[in-house]
Amino acid sequence: MSEAPAPDSVFTFEFDRSGSVSGLTIADRWSRVVELEDFGYALLLAYAEQHAAAAAGVATVEAGGDPDDVRYPRELRDDVLDLARDVSRMLQGLATYSPEPQEPVEVGDRHRHVVIESINGVPNKIEVDEPWLRKADLADVEQDAVAAFRAMAAEAPRDEFVGELGGLRERLAGIVARRNDFNQG
């Protein structure tokens, strides 16, 4: 007996450096895996899994030689120390951090074919116009879904703490990229 493919194999998300959706590819034969009425839920599930995986992989370090044998440039070492201090300061602030609870917000593409309900900038539910989905071209579905996710990112509350965390992640990714370039160069 063959195992049915998971819904996340139907949807392939692309994310920009800020973690926002920059692209979506839907498998040509998606309807063999995902029922029409479950399309929104499967899209949400795939997004959650792939967004978490992308966030975890932002700063992966490539395997190299023994780090004790490498003398890194002073600027790179200084940037690592600065980042470590900022992370430490942020972790100290975490003890008193309490985000404001937000009401659910509904956003969608301009035609409202794909509507996302989000809480604190995190998708909670996705509804897709089923009659439109039946006859729409896959490129249009992908485009409207990306537009809805971009609208969600634009409407996300501007939490200073979360914004600072995103900035630290970007700095870490930059440092790791420079370290990898140095090791390979």
# chains A, B, ... in the order shown; residues from 1 in each chain; ligands from 1
>>> closest_atom_pairs(of="region 11-121 of chain A", to="region 143-148 of chain A", cutoff="8 Å", atoms="only C-alpha atoms", output="JSON lines")
{"residue": "A:Val21", "atom": "CA", "partner": "A:Val146", "partner_atom": "CA", "distance": 6.3}
{"residue": "A:Ser22", "atom": "CA", "partner": "A:Val146", "partner_atom": "CA", "distance": 6.8}
{"residue": "A:Gly23", "atom": "CA", "partner": "A:Val146", "partner_atom": "CA", "distance": 6.1}
{"residue": "A:Leu24", "atom": "CA", "partner": "A:Val146", "partner_atom": "CA", "distance": 6.5}
{"residue": "A:Val107", "atom": "CA", "partner": "A:Ala148", "partner_atom": "CA", "distance": 6.4}
{"residue": "A:Gly108", "atom": "CA", "partner": "A:Ala148", "partner_atom": "CA", "distance": 4.2}
{"residue": "A:Asp109", "atom": "CA", "partner": "A:Ala148", "partner_atom": "CA", "distance": 4.6}
{"residue": "A:Arg110", "atom": "CA", "partner": "A:Ala147", "partner_atom": "CA", "distance": 7.9}
{"residue": "A:His113", "atom": "CA", "partner": "A:Asp144", "partner_atom": "CA", "distance": 6.9}
{"residue": "A:Val114", "atom": "CA", "partner": "A:Ala145", "partner_atom": "CA", "distance": 5.8}
{"residue": "A:Val115", "atom": "CA", "partner": "A:Ala148", "partner_atom": "CA", "distance": 6.5}
{"residue": "A:Ile116", "atom": "CA", "partner": "A:Ala148", "partner_atom": "CA", "distance": 6.7}
>>> residues_around(residues="Asn124 (chain A)", least_positions_apart="5", cutoff="10 Å", atoms="only C-alpha atoms", output="MDAnalysis selection string")
chainID A and resid 41 44 48 104:106 116:119
>>> write_last_selection(atoms="all heavy atoms", output="CSV table (one decimal), in the first residue's frame")
chain,number,residue,atom,x,y,z
A,41,TYR,N,-6.5,24.9,4.3
A,41,TYR,CA,-5.9,24.2,5.5
A,41,TYR,C,-4.5,23.7,5.1
A,41,TYR,O,-3.5,23.8,5.8
A,41,TYR,CB,-6.8,23.2,6.1
A,41,TYR,CG,-6.1,22.5,7.3
A,41,TYR,CD1,-5.9,23.1,8.5
A,41,TYR,CD2,-5.6,21.2,7.1
A,41,TYR,CE1,-5.3,22.5,9.5
A,41,TYR,CE2,-5.0,20.5,8.2
A,41,TYR,CZ,-4.8,21.2,9.4
A,41,TYR,OH,-4.2,20.6,10.4
A,44,LEU,N,-2.0,26.4,4.7
A,44,LEU,CA,-1.6,26.9,6.0
A,44,LEU,C,-0.6,25.9,6.6
A,44,LEU,O,0.4,26.4,7.1
A,44,LEU,CB,-2.8,27.0,6.9
A,44,LEU,CG,-2.6,27.5,8.3
A,44,LEU,CD1,-1.9,28.8,8.4
A,44,LEU,CD2,-3.8,27.4,9.1
A,48,ALA,N,3.3,26.8,7.5
A,48,ALA,CA,3.8,26.7,8.8
A,48,ALA,C,5.1,25.9,8.9
A,48,ALA,O,6.1,26.3,9.5
A,48,ALA,CB,2.8,26.2,9.8
A,104,PRO,N,-7.9,39.2,15.9
A,104,PRO,CA,-7.6,38.6,14.5
A,104,PRO,C,-7.8,39.6,13.4
A,104,PRO,O,-8.7,40.5,13.5
A,104,PRO,CB,-8.6,37.5,14.4
A,104,PRO,CG,-9.1,37.2,15.8
A,104,PRO,CD,-8.9,38.4,16.6
A,105,VAL,N,-7.0,39.6,12.4
A,105,VAL,CA,-7.0,40.5,11.3
A,105,VAL,C,-7.2,39.7,10.0
A,105,VAL,O,-6.5,38.6,9.9
A,105,VAL,CB,-5.7,41.3,11.2
A,105,VAL,CG1,-5.8,42.2,9.9
A,105,VAL,CG2,-5.5,42.2,12.4
A,106,GLU,N,-8.1,40.1,9.2
A,106,GLU,CA,-8.3,39.4,7.9
A,106,GLU,C,-7.7,40.2,6.8
A,106,GLU,O,-8.1,41.4,6.6
A,106,GLU,CB,-9.8,39.1,7.6
A,106,GLU,CG,-10.3,37.9,8.3
A,106,GLU,CD,-11.7,37.5,7.7
A,106,GLU,OE1,-12.2,38.2,6.8
A,106,GLU,OE2,-12.2,36.5,8.2
A,116,ILE,N,-6.6,35.5,4.5
A,116,ILE,CA,-5.8,34.9,5.6
A,116,ILE,C,-6.3,35.6,6.9
A,116,ILE,O,-6.3,36.9,6.9
A,116,ILE,CB,-4.3,35.1,5.4
A,116,ILE,CG1,-3.9,34.4,4.1
A,116,ILE,CG2,-3.6,34.6,6.6
A,116,ILE,CD1,-2.4,34.6,3.8
A,117,GLU,N,-6.7,34.9,7.9
A,117,GLU,CA,-6.9,35.4,9.2
A,117,GLU,C,-5.6,35.2,10.0
A,117,GLU,O,-5.1,34.1,10.1
A,117,GLU,CB,-8.1,34.7,9.9
A,117,GLU,CG,-8.3,35.2,11.3
A,117,GLU,CD,-9.3,34.3,12.0
A,117,GLU,OE1,-10.5,34.6,12.0
A,117,GLU,OE2,-8.8,33.4,12.7
A,118,SER,N,-5.1,36.3,10.5
A,118,SER,CA,-3.9,36.2,11.3
A,118,SER,C,-4.0,36.9,12.6
A,118,SER,O,-4.8,37.8,12.8
A,118,SER,CB,-2.7,36.9,10.5
A,118,SER,OG,-2.9,38.3,10.4
A,119,ILE,N,-3.2,36.4,13.6
A,119,ILE,CA,-3.2,36.9,14.9
A,119,ILE,C,-1.7,37.2,15.2
A,119,ILE,O,-0.9,36.3,15.1
A,119,ILE,CB,-3.8,35.9,16.0
A,119,ILE,CG1,-5.2,35.6,15.6
A,119,ILE,CG2,-3.7,36.5,17.4
A,119,ILE,CD1,-5.9,34.5,16.5
>>> closest_residue(among="A:Ala95, A:Trp132, A:Tyr47, A:Leu138", to="Arg29 (chain A)", atoms="only C-alpha atoms")
A:Leu138
>>> select_by_dssp(residues="chain A", states="strand (DSSP E)", output="PyMOL selection string")
chain A and resi 11-15+21-26+105-108+114-119+122-128
>>> closest_residue(among="A:Glu103, A:Val141, A:Leu168, A:Ile175", to="Arg89 (chain A)", atoms="only C-alpha atoms")
A:Leu168
>>> atom_distance(atom1="CA of Val80 (chain A)", atom2="CA of Arg178 (chain A)")
11.0 Å
>>> select_by_dssp(residues="chain A", states="alpha helix (DSSP H)", output="PyMOL selection string")
chain A and resi 39-56+74-94+130-135+138-155+160-184
>>> atom_distance(atom1="CA of Leu76 (chain A)", atom2="CA of Gly185 (chain A)")
14.5 Å
>>> atom_distance(atom1="CA of Val128 (chain A)", atom2="CA of Val34 (chain A)")
13.0 Å
>>> residues_around(residues="Gly19 (chain A)", least_positions_apart="2", cutoff="8 Å", atoms="only C-alpha atoms", output="PyMOL selection string")
chain A and resi 15-17+21+51+54-55
>>> write_last_selection(atoms="C-alpha atoms", output="PDB file, in the first residue's frame")
ATOM      1  CA  PHE A  15      10.940  33.312   1.579  1.00  0.00           C
ATOM      2  CA  ASP A  16      12.933  36.529   1.446  1.00  0.00           C
ATOM      3  CA  ARG A  17      15.528  37.462   4.085  1.00  0.00           C
ATOM      4  CA  VAL A  21       6.651  34.900   1.377  1.00  0.00           C
ATOM      5  CA  HIS A  51       8.421  28.895   7.288  1.00  0.00           C
ATOM      6  CA  ALA A  54      13.431  28.391   6.592  1.00  0.00           C
ATOM      7  CA  ALA A  55      13.732  30.371   9.824  1.00  0.00           C
TER       8      ALA A  55
END
>>> closest_residue(among="A:Ser88, A:Pro73, A:Val122, A:Gly93", to="Asp181 (chain A)", atoms="only C-alpha atoms")
A:Pro73
>>> residues_around(residues="Thr25 (chain A)", least_positions_apart="3", cutoff="7 Å", atoms="only C-alpha atoms", output="number ranges by chain")
A: 11-13, 142
